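Quick look at run.txt (compact mmCIF, C-alpha atoms):
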```txt
# COMPACT_ATOMS: atom_id res chain seq x y z
CA MET G 1 54.31 65.15 27.60
CA ASN G 2 53.11 63.91 24.25
CA THR G 3 50.76 66.51 22.76
CA GLY G 4 49.79 64.58 19.63
CA LYS G 5 46.22 63.48 19.07
CA GLN G 6 47.12 59.80 18.76
CA VAL G 7 48.30 58.36 22.05
CA ILE G 8 48.77 54.82 20.68
CA GLU G 9 50.01 54.11 17.15
CA VAL G 10 50.34 50.56 15.86
CA SER G 11 51.54 49.74 12.35
CA GLY G 12 52.10 46.26 10.89
CA LEU G 13 52.53 44.82 14.37
CA ARG G 14 53.59 41.18 14.66
CA ARG G 15 54.40 38.82 17.51
CA ARG G 16 55.82 35.38 16.92
CA TYR G 17 56.51 32.65 19.46
CA GLY G 18 59.26 30.17 18.72
CA PRO G 19 61.55 30.02 15.67
CA ALA G 20 60.92 32.12 12.59
CA LYS G 21 60.22 28.97 10.58
CA GLY G 22 59.06 25.47 11.33
CA ASP G 23 57.31 25.07 14.67
CA GLY G 24 56.96 28.78 15.42
CA PHE G 25 53.54 30.37 15.89
CA GLU G 26 52.60 33.90 14.86
CA ALA G 27 50.01 35.17 17.34
CA VAL G 28 49.78 38.73 15.96
CA ARG G 29 49.92 38.97 12.19
CA GLY G 30 50.48 42.50 10.92
CA ILE G 31 47.79 44.60 12.58
CA SER G 32 47.46 48.39 12.50
CA PHE G 33 45.32 50.80 14.53
CA THR G 34 45.48 54.05 16.48
CA VAL G 35 43.91 55.23 19.75
CA ALA G 36 43.28 58.92 20.36
CA ARG G 37 43.78 60.75 23.63
CA GLY G 38 40.76 60.35 25.90
CA GLU G 39 39.34 57.51 23.80
CA LEU G 40 38.24 54.08 25.01
CA PHE G 41 39.32 51.44 22.52
CA ALA G 42 38.12 47.85 22.99
CA LEU G 43 40.00 44.88 21.57
CA LEU G 44 37.74 41.86 21.16
CA GLY G 45 38.21 38.30 19.99
CA THR G 46 37.76 34.67 20.95
CA ASN G 47 40.39 32.87 23.05
CA GLY G 48 43.59 32.64 21.03
CA ALA G 49 42.70 35.53 18.72
CA GLY G 50 45.82 37.49 19.75
CA LYS G 51 44.34 40.10 22.10
CA THR G 52 46.59 39.48 25.09
CA SER G 53 49.67 39.14 22.89
CA THR G 54 48.84 42.51 21.33
CA VAL G 55 48.22 44.27 24.64
CA GLU G 56 51.49 42.93 26.11
CA LEU G 57 53.32 44.59 23.21
CA LEU G 58 51.53 47.88 23.93
CA GLU G 59 52.46 47.62 27.60
CA GLY G 60 56.12 47.06 26.74
CA LEU G 61 56.25 43.57 28.26
CA ALA G 62 57.69 42.06 25.09
CA GLU G 63 59.44 43.17 21.92
CA PRO G 64 57.50 42.93 18.65
CA SER G 65 58.66 40.43 16.05
CA GLY G 66 57.87 43.03 13.41
CA GLY G 67 56.09 46.31 12.84
CA ARG G 68 55.99 49.41 14.96
CA VAL G 69 54.24 50.46 18.16
CA ARG G 70 54.32 53.82 19.92
CA VAL G 71 52.64 54.71 23.23
CA LEU G 72 52.70 58.38 24.24
CA GLY G 73 55.22 58.91 21.44
CA HIS G 74 57.70 56.28 22.66
CA ASP G 75 58.61 52.67 22.00
CA PRO G 76 57.10 51.01 25.11
CA TYR G 77 59.70 48.21 25.08
CA ARG G 78 62.95 50.04 24.25
CA GLU G 79 61.96 53.23 26.06
CA ARG G 80 60.10 51.56 28.91
CA ALA G 81 61.39 53.98 31.55
CA ARG G 82 59.77 56.90 29.67
CA VAL G 83 56.42 55.12 29.40
CA ARG G 84 55.96 52.97 32.50
CA SER G 85 55.22 55.79 34.97
CA ARG G 86 52.50 57.18 32.68
CA ILE G 87 50.48 54.00 32.17
CA GLY G 88 48.37 51.81 34.41
CA VAL G 89 47.94 48.09 33.85
CA MET G 90 45.17 45.88 35.23
CA LEU G 91 46.06 42.27 34.52
CA GLN G 92 43.61 39.37 34.65
CA GLU G 93 45.21 38.30 37.93
CA GLY G 94 47.12 40.67 40.23
CA GLY G 95 48.90 38.03 42.29
CA PHE G 96 49.12 40.12 45.46
CA PRO G 97 50.46 38.52 48.70
CA SER G 98 47.47 36.86 50.35
CA GLU G 99 48.50 37.60 53.95
CA LEU G 100 48.68 41.37 53.48
CA THR G 101 45.64 43.51 54.14
CA VAL G 102 44.11 45.61 51.39
CA ALA G 103 45.65 48.77 52.88
CA GLU G 104 49.08 47.15 53.24
CA THR G 105 48.94 45.96 49.64
CA ALA G 106 48.07 49.47 48.47
CA ARG G 107 50.94 51.00 50.48
CA MET G 108 53.39 48.44 49.11
CA TRP G 109 52.26 49.14 45.56
CA ALA G 110 52.34 52.92 46.09
CA GLY G 111 55.95 52.63 47.20
CA CYS G 112 56.82 51.30 43.73
CA THR G 113 54.72 53.89 41.87
CA THR G 114 55.89 57.32 40.73
CA GLY G 115 53.60 60.13 41.88
CA ALA G 116 51.11 57.77 43.50
CA ARG G 117 47.77 59.14 44.62
CA PRO G 118 46.84 58.60 48.31
CA THR G 119 46.11 54.90 48.83
CA ALA G 120 42.86 55.64 50.67
CA GLU G 121 41.68 57.62 47.64
CA ALA G 122 42.46 54.75 45.26
CA LEU G 123 40.60 52.26 47.45
CA GLU G 124 37.58 54.55 47.78
CA MET G 125 37.45 54.95 43.99
CA VAL G 126 36.75 51.22 43.62
CA GLY G 127 34.58 50.83 46.71
CA LEU G 128 37.17 49.05 48.88
CA GLY G 129 37.55 51.71 51.55
CA PRO G 130 35.51 49.76 54.13
CA ARG G 131 37.59 46.63 53.38
CA ALA G 132 40.99 48.26 53.94
CA ASN G 133 41.88 46.11 56.96
CA VAL G 134 40.76 42.81 55.44
CA ARG G 135 43.44 40.37 54.28
CA VAL G 136 43.66 39.80 50.53
CA LYS G 137 42.96 36.08 50.96
CA GLN G 138 39.61 36.93 52.56
CA LEU G 139 38.39 39.01 49.64
CA SER G 140 35.82 37.65 47.22
CA GLY G 141 36.76 37.21 43.57
CA GLY G 142 34.98 40.43 42.66
CA GLU G 143 36.73 42.35 45.45
CA ARG G 144 40.10 41.13 44.21
CA ARG G 145 39.29 42.52 40.78
CA ARG G 146 38.47 45.85 42.43
CA LEU G 147 41.85 45.74 44.18
CA ASP G 148 43.56 45.04 40.85
CA LEU G 149 41.86 48.11 39.40
CA ALA G 150 42.77 50.30 42.39
CA MET G 151 46.45 49.41 41.98
CA ALA G 152 46.29 50.23 38.26
CA LEU G 153 44.92 53.67 39.15
CA LEU G 154 47.48 54.54 41.83
CA GLY G 155 49.82 56.32 39.44
CA ARG G 156 47.13 58.57 37.89
CA PRO G 157 47.79 56.97 34.47
CA GLU G 158 47.44 58.81 31.19
CA VAL G 159 46.86 55.46 29.48
CA LEU G 160 45.03 52.66 31.28
CA PHE G 161 45.09 49.04 30.10
CA LEU G 162 42.18 46.95 31.40
CA ASP G 163 42.30 43.19 30.80
CA GLU G 164 38.91 41.63 31.59
CA PRO G 165 38.23 44.21 34.36
CA THR G 166 34.80 42.97 35.45
CA THR G 167 35.35 39.21 35.52
CA GLY G 168 33.93 37.89 38.80
CA LEU G 169 31.93 41.04 39.58
CA ASP G 170 28.21 40.93 40.23
CA ALA G 171 25.85 43.14 38.24
CA GLU G 172 26.16 46.05 40.68
CA GLY G 173 29.94 45.82 40.76
CA ARG G 174 30.10 45.74 36.99
CA ARG G 175 27.96 48.85 36.70
CA ASP G 176 30.09 50.64 39.34
CA THR G 177 33.22 49.79 37.36
CA TRP G 178 31.65 51.05 34.15
CA ARG G 179 30.79 54.33 35.89
CA LEU G 180 34.36 54.73 37.12
CA VAL G 181 35.83 53.97 33.70
CA ARG G 182 33.52 56.56 32.12
CA GLU G 183 34.65 59.14 34.69
CA LEU G 184 38.30 58.41 34.00
CA ARG G 185 37.75 58.74 30.26
CA ALA G 186 35.86 62.00 30.74
CA ALA G 187 38.85 63.31 32.70
CA GLY G 188 41.13 62.57 29.73
CA THR G 189 42.45 59.08 30.47
CA THR G 190 42.95 56.91 27.39
CA VAL G 191 41.68 53.37 27.96
CA VAL G 192 42.45 50.13 26.12
CA LEU G 193 39.97 47.43 27.12
CA THR G 194 39.90 43.70 26.46
CA THR G 195 36.74 41.90 27.52
CA HIS G 196 34.61 38.86 26.80
CA TYR G 197 31.50 40.77 27.87
CA LEU G 198 30.25 42.19 24.58
CA GLU G 199 27.66 44.31 26.38
CA GLU G 200 30.58 45.93 28.21
CA ALA G 201 32.30 46.86 24.96
CA GLU G 202 29.04 48.11 23.48
CA GLU G 203 28.38 50.28 26.56
CA LEU G 204 31.87 51.74 26.99
CA ALA G 205 33.85 51.74 23.76
CA ASP G 206 34.23 54.74 21.49
CA ARG G 207 35.76 52.38 18.92
CA LEU G 208 36.57 48.69 18.85
CA ALA G 209 38.34 46.07 16.81
CA ILE G 210 37.50 42.37 16.53
CA MET G 211 40.47 40.04 16.14
CA ARG G 212 40.58 36.56 14.71
CA ALA G 213 43.67 34.39 14.21
CA GLY G 214 46.02 37.28 14.91
CA ARG G 215 44.40 39.77 12.55
CA ILE G 216 41.90 42.59 12.93
CA VAL G 217 38.90 41.52 10.89
CA VAL G 218 36.67 44.55 11.42
CA SER G 219 36.97 47.84 13.29
CA GLY G 220 34.96 50.99 13.93
CA THR G 221 32.47 52.37 16.42
CA PRO G 222 30.08 49.81 17.96
CA ALA G 223 27.29 51.21 15.78
CA GLU G 224 29.41 50.95 12.63
CA VAL G 225 30.41 47.38 13.37
CA THR G 226 26.84 46.23 14.03
CA ALA G 227 25.65 48.12 10.94
CA THR G 228 27.64 45.69 8.79
CA ARG G 229 25.30 42.90 9.89
CA PRO G 230 21.62 42.58 8.91
CA SER G 231 18.78 43.46 11.25
CA ARG G 232 16.31 40.80 12.31
CA ILE G 233 12.50 40.61 12.24
CA ARG G 234 10.76 37.69 13.94
CA PHE G 235 7.07 36.80 14.23
CA THR G 236 4.65 33.87 14.25
CA LEU G 237 2.05 33.40 11.51
CA PRO G 238 -1.47 32.12 12.17
CA GLU G 239 -1.92 28.40 11.54
CA GLU G 240 -3.96 28.98 8.38
CA VAL G 241 -1.25 31.21 6.79
CA PRO G 242 1.77 29.33 5.40
CA PRO G 243 5.13 31.18 5.13
CA ALA G 244 4.95 30.72 1.36
CA ARG G 245 2.30 33.46 1.26
CA LEU G 246 4.89 36.04 2.27
CA PRO G 247 6.23 38.18 -0.62
CA LEU G 248 9.42 36.82 -2.15
CA SER G 249 11.10 40.19 -1.53
CA LEU G 250 11.02 39.50 2.22
CA ARG G 251 13.17 36.37 1.78
CA ALA G 252 11.95 34.77 5.00
CA ALA G 253 13.34 31.72 6.75
CA ALA G 254 10.72 29.72 8.60
CA GLU G 255 10.56 26.89 11.11
CA GLY G 256 6.94 25.87 11.22
CA ARG G 257 4.87 28.96 11.91
CA ARG G 258 7.84 30.91 13.32
CA VAL G 259 9.42 33.22 10.74
CA GLU G 260 12.70 35.16 10.76
CA ILE G 261 13.60 37.80 8.19
CA ARG G 262 17.14 39.20 7.87
CA ALA G 263 17.01 42.76 6.63
CA GLU G 264 19.71 45.11 5.35
CA ARG G 265 17.26 48.04 5.59
CA LEU G 266 15.17 47.46 8.67
CA GLN G 267 12.64 50.28 8.28
CA GLU G 268 11.89 49.53 4.63
CA THR G 269 11.52 45.80 5.20
CA LEU G 270 9.37 46.22 8.30
CA THR G 271 7.12 48.69 6.48
CA GLU G 272 6.67 46.25 3.61
CA LEU G 273 5.84 43.44 6.04
CA LEU G 274 3.27 45.48 7.95
CA LEU G 275 1.59 46.70 4.75
CA TRP G 276 1.38 43.09 3.55
CA ALA G 277 -0.11 41.98 6.87
CA ARG G 278 -2.76 44.72 6.75
CA ARG G 279 -3.59 43.99 3.14
CA GLU G 280 -3.92 40.25 3.79
CA ASP G 281 -5.59 40.75 7.19
CA VAL G 282 -2.90 38.68 8.92
CA GLU G 283 -2.00 39.08 12.58
CA LEU G 284 1.75 38.78 13.23
CA GLU G 285 2.05 37.28 16.69
CA GLY G 286 5.08 38.11 18.83
CA LEU G 287 6.40 40.63 16.30
CA ASP G 288 9.97 41.61 17.22
CA ALA G 289 12.19 43.85 15.07
CA ARG G 290 15.66 44.95 16.10
CA SER G 291 19.01 46.00 14.74
CA ALA G 292 21.91 43.57 14.91
CA SER G 293 23.74 43.46 18.23
CA LEU G 294 27.47 43.51 18.74
CA GLU G 295 27.16 39.93 19.99
CA GLU G 296 25.63 38.84 16.68
CA ALA G 297 28.38 40.59 14.72
CA PHE G 298 31.04 39.03 16.94
CA LEU G 299 29.65 35.51 16.68
CA GLU G 300 29.27 35.77 12.91
CA ILE G 301 32.96 36.71 12.63
CA ALA G 302 34.03 34.05 15.15
CA HIS G 303 32.21 31.26 13.29
CA ALA G 304 32.77 32.41 9.72
CA ASP G 305 34.80 30.42 7.24
CA PRO G 306 38.35 31.86 7.17
CA ALA G 307 38.13 32.26 3.40
CA ASP G 308 35.13 34.57 3.82
CA LEU G 309 37.23 36.86 6.03
CA GLY G 310 40.21 36.99 3.72
CA GLU G 311 42.35 34.96 6.12
CA THR G 312 45.22 32.76 5.06
CA THR G 313 47.03 29.88 6.69
CA ASP G 314 50.38 31.39 5.63
CA THR G 315 51.60 32.96 8.88
CA MET G 316 54.23 34.99 7.04
CA ASP G 317 51.67 36.81 4.89
CA THR G 318 52.22 40.57 5.31
CA THR G 319 48.77 41.67 4.20
CA ASP G 320 46.83 43.62 6.81
CA THR G 321 43.24 42.42 6.49
CA ALA G 322 41.60 44.92 8.83
CA ARG G 323 38.44 46.30 7.28
CA PRO G 324 37.31 49.65 8.72
CA VAL G 325 33.55 49.77 8.29
CA GLU G 326 31.50 52.54 6.80
CA ALA G 327 29.04 54.42 8.94
CA GLY G 328 25.42 54.65 7.92
CA ARG G 329 25.44 51.54 5.81
CA ARG G 330 22.14 50.28 7.15
```
Can the structure in the file be given as structure tokens, please?
Amino acid sequence: MNTGKQVIEVSGLRRRYGPAKGDGFEAVRGISFTVARGELFALLGTNGAGKTSTVELLEGLAEPSGGRVRVLGHDPYRERARVRSRIGVMLQEGGFPSELTVAETARMWAGCTTGARPTAEALEMVGLGPRANVRVKQLSGGERRRLDLAMALLGRPEVLFLDEPTTGLDAEGRRDTWRLVRELRAAGTTVVLTTHYLEEAEELADRLAIMRAGRIVVSGTPAEVTATRPSRIRFTLPEEVPPARLPLSLRAAAEGRRVEIRAERLQETLTELLLWARREDVELEGLDARSASLEEAFLEIAHADPADLGETTDTMDTTDTARPVEAGRR
């Protein structure tokens, strides 16, 4: 068993589809990151950012075009036999035979899994115990996702890859899945998560990375990533008070009476605003002050001009543009 702190090590990783020149496309463009034992690492990005291509390399489903990847101390592609029994993979679609029951599917999968846990235990973990005798084709979309997760957990994995694990789940099912993932992490399982639900990443991830055009643009804890974006203060001024009366230091943007202030230092800016309002005897209607959310940070990266992110259209560029953020910047 690998006893090192880093369970996943990625350095200069690349994945190219098609020929090396001409019409080829480089989906992963020299990224580097590590994941520690017992950590939940979320990989985020818009469609086409390179998330799935990256995770497939970690799972050993394809050989990298360049760079290096190690999972549990081994090359997951060339040493697949030494890695496969120690990882669990939940794909976006399991593709199980529709005529089999849930229990039959679990038994079939357990027969192909080294050291499988009891199938009834795996189904109970995801809340499918009462549905064991139901055919797969009769399951709802959310129940099928639960079955996908149960099969990924059969082998008691040391490293668990979750690709959009809560798609199709209702609010209760999503919360149940979050609880289970937290329990697995607390028991020492390392988790790599891809998701389009930013709240999910914010709730679960110890660290995360946001990808764009095959590169990691920013990485860190959820708090560190959101700290790189300004906080927001919103309020409505009385009709007789124009936005121009606000101090220039607040640098407000206004649409009619509605005002929004973007603040690098939320407490200082809010204090200045409130002191101004008291001094001028102005009531700030609907006052709302909050730190930036992960969604705001994500959308700003997704919609930013590539030049602002240090990106290049040269797919053979070897520069790794990941920017680890600094904690406590706010």
Original post:
Using all atoms listed in the file, which of the listed residues (G:Phe161, G:Phe96, G:Phe33, G:Trp178) sits closest to G:Val55?
Top reply: G:Phe161
Using only C-alpha atoms, tabulate the residues of stretch 227-249 of chain G lying at most 6 Å from any atom of stretch 272-293 of chain G, each with its closest atom pair and that distance in Å to one decimal, by chain and increasing residue number, as CSV.
```
residue,atom,partner,partner_atom,distance
G:Ser231,CA,G:Ser291,CA,4.3
G:Arg232,CA,G:Arg290,CA,5.7
G:Ile233,CA,G:Ala289,CA,4.3
G:Arg234,CA,G:Asp288,CA,5.2
G:Phe235,CA,G:Leu287,CA,4.4
G:Thr236,CA,G:Glu285,CA,4.9
G:Leu237,CA,G:Leu284,CA,5.7
```
**OP:** Report the distance between atom CA of G:His303 and atom CA of G:Pro230 in Å, rounded to one decimal place.
**Re:** 16.1 Å
**OP:** May I ask which of the residues G:Phe25, G:Phe298, G:Tyr197, G:Trp109 is the closest one to G:Ala122, counting all atoms listed in the file?
**Re:**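 For G:Ala122, the nearest of the candidates is G:Trp109.
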Subject >> Distance query G:Ala110 at most 10 Å, all atoms listed in the file, self and fewer than 5 positions along chain excluded, as number ranges by chain >> reply: G: 104-105, 115-119, 151, 154-155
Original post:
Separation of atom CA of G:Glu158 and atom CA of G:Gly30, in Å?
Top reply: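 Atom-to-atom, atom CA of G:Glu158 and atom CA of G:Gly30 are spaced 26.2 Å apart.
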**OP:** Kindly indicate which residue among G:Ala27, G:Ala253, G:Leu58, G:Ala227 lies nearest to G:Glu296, using only C-alpha atoms for the distances.
**Re:** G:Ala227
Original post:
Got a sec: who's within 8 Å of G:Leu160, counting all atoms listed in the file, leaving out chain neighbours fewer than 6 positions off, as a list of chain:residue names?
Top reply: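 Selected residues are G:Ile87, G:Gly88, G:Val89, G:Met90, G:Ala152, G:Leu153, G:Thr189, G:Thr190, G:Val191, G:Val192.
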For stretch 127-202 of chain G against stretch 44-51 of chain G, with a cut-off of 8 Å and counting all atoms listed in the file, what is the closest atom pair and its distance in Å to one decimal for every residue that makes the cut, ordered by chain and number, as CSV?
```
residue,atom,partner,partner_atom,distance
G:Thr194,CA,G:Leu44,CA,6.0
G:Thr195,CA,G:Leu44,CA,6.4
G:His196,CA,G:Leu44,CA,7.1
```
Next, write the just-selected residues to a file, as a compact mmCIF listing (two decimals), in the frame of the given file, keeping C-alpha atoms as the atom set.
```
# COMPACT_ATOMS: atom_id res chain seq x y z
CA THR G 194 39.90 43.70 26.46
CA THR G 195 36.74 41.90 27.52
CA HIS G 196 34.61 38.86 26.80
```
Skip stretch 37-40 of chain G itself and residues of its chain fewer than 2 positions away, then list as a PDB file with C-alpha atoms, keeping the file's coordinate frame all residues within 10 Å of it, counting all atoms listed in the file.
```pdb
ATOM      1  CA  ASN G   2      53.110  63.910  24.250  1.00  0.00           C
ATOM      2  CA  THR G   3      50.760  66.510  22.760  1.00  0.00           C
ATOM      3  CA  GLY G   4      49.790  64.580  19.630  1.00  0.00           C
ATOM      4  CA  LYS G   5      46.220  63.480  19.070  1.00  0.00           C
ATOM      5  CA  GLN G   6      47.120  59.800  18.760  1.00  0.00           C
ATOM      6  CA  VAL G   7      48.300  58.360  22.050  1.00  0.00           C
ATOM      7  CA  ILE G   8      48.770  54.820  20.680  1.00  0.00           C
ATOM      8  CA  THR G  34      45.480  54.050  16.480  1.00  0.00           C
ATOM      9  CA  VAL G  35      43.910  55.230  19.750  1.00  0.00           C
ATOM     10  CA  ALA G  42      38.120  47.850  22.990  1.00  0.00           C
ATOM     11  CA  LEU G  43      40.000  44.880  21.570  1.00  0.00           C
ATOM     12  CA  LEU G  72      52.700  58.380  24.240  1.00  0.00           C
ATOM     13  CA  GLU G 158      47.440  58.810  31.190  1.00  0.00           C
ATOM     14  CA  VAL G 159      46.860  55.460  29.480  1.00  0.00           C
ATOM     15  CA  LEU G 160      45.030  52.660  31.280  1.00  0.00           C
ATOM     16  CA  PHE G 161      45.090  49.040  30.100  1.00  0.00           C
ATOM     17  CA  VAL G 181      35.830  53.970  33.700  1.00  0.00           C
ATOM     18  CA  ARG G 182      33.520  56.560  32.120  1.00  0.00           C
ATOM     19  CA  LEU G 184      38.300  58.410  34.000  1.00  0.00           C
ATOM     20  CA  ARG G 185      37.750  58.740  30.260  1.00  0.00           C
ATOM     21  CA  ALA G 186      35.860  62.000  30.740  1.00  0.00           C
ATOM     22  CA  ALA G 187      38.850  63.310  32.700  1.00  0.00           C
ATOM     23  CA  GLY G 188      41.130  62.570  29.730  1.00  0.00           C
ATOM     24  CA  THR G 189      42.450  59.080  30.470  1.00  0.00           C
ATOM     25  CA  THR G 190      42.950  56.910  27.390  1.00  0.00           C
ATOM     26  CA  VAL G 191      41.680  53.370  27.960  1.00  0.00           C
ATOM     27  CA  VAL G 192      42.450  50.130  26.120  1.00  0.00           C
ATOM     28  CA  LEU G 193      39.970  47.430  27.120  1.00  0.00           C
ATOM     29  CA  ALA G 201      32.300  46.860  24.960  1.00  0.00           C
ATOM     30  CA  LEU G 204      31.870  51.740  26.990  1.00  0.00           C
ATOM     31  CA  ALA G 205      33.850  51.740  23.760  1.00  0.00           C
ATOM     32  CA  ASP G 206      34.230  54.740  21.490  1.00  0.00           C
ATOM     33  CA  ARG G 207      35.760  52.380  18.920  1.00  0.00           C
ATOM     34  CA  LEU G 208      36.570  48.690  18.850  1.00  0.00           C
TER      35      LEU G 208
END
```
Original post:
For the atom pair atom CA of G:Asp163 and atom CA of G:Gly94, what is the interatomic distance in Å to one decimal place?
Top reply: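 Pair atom CA of G:Asp163 / atom CA of G:Gly94 returns 10.9 Å.
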Original post:
Counting all atoms listed in the file, which of G:Glu300, G:Gly66, G:Gly141, G:Pro19 gets nearest to G:Ser32?
Top reply: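 Going through G:Glu300, G:Gly66, G:Gly141, G:Pro19 one by one, the smallest distance to G:Ser32 is for G:Gly66.
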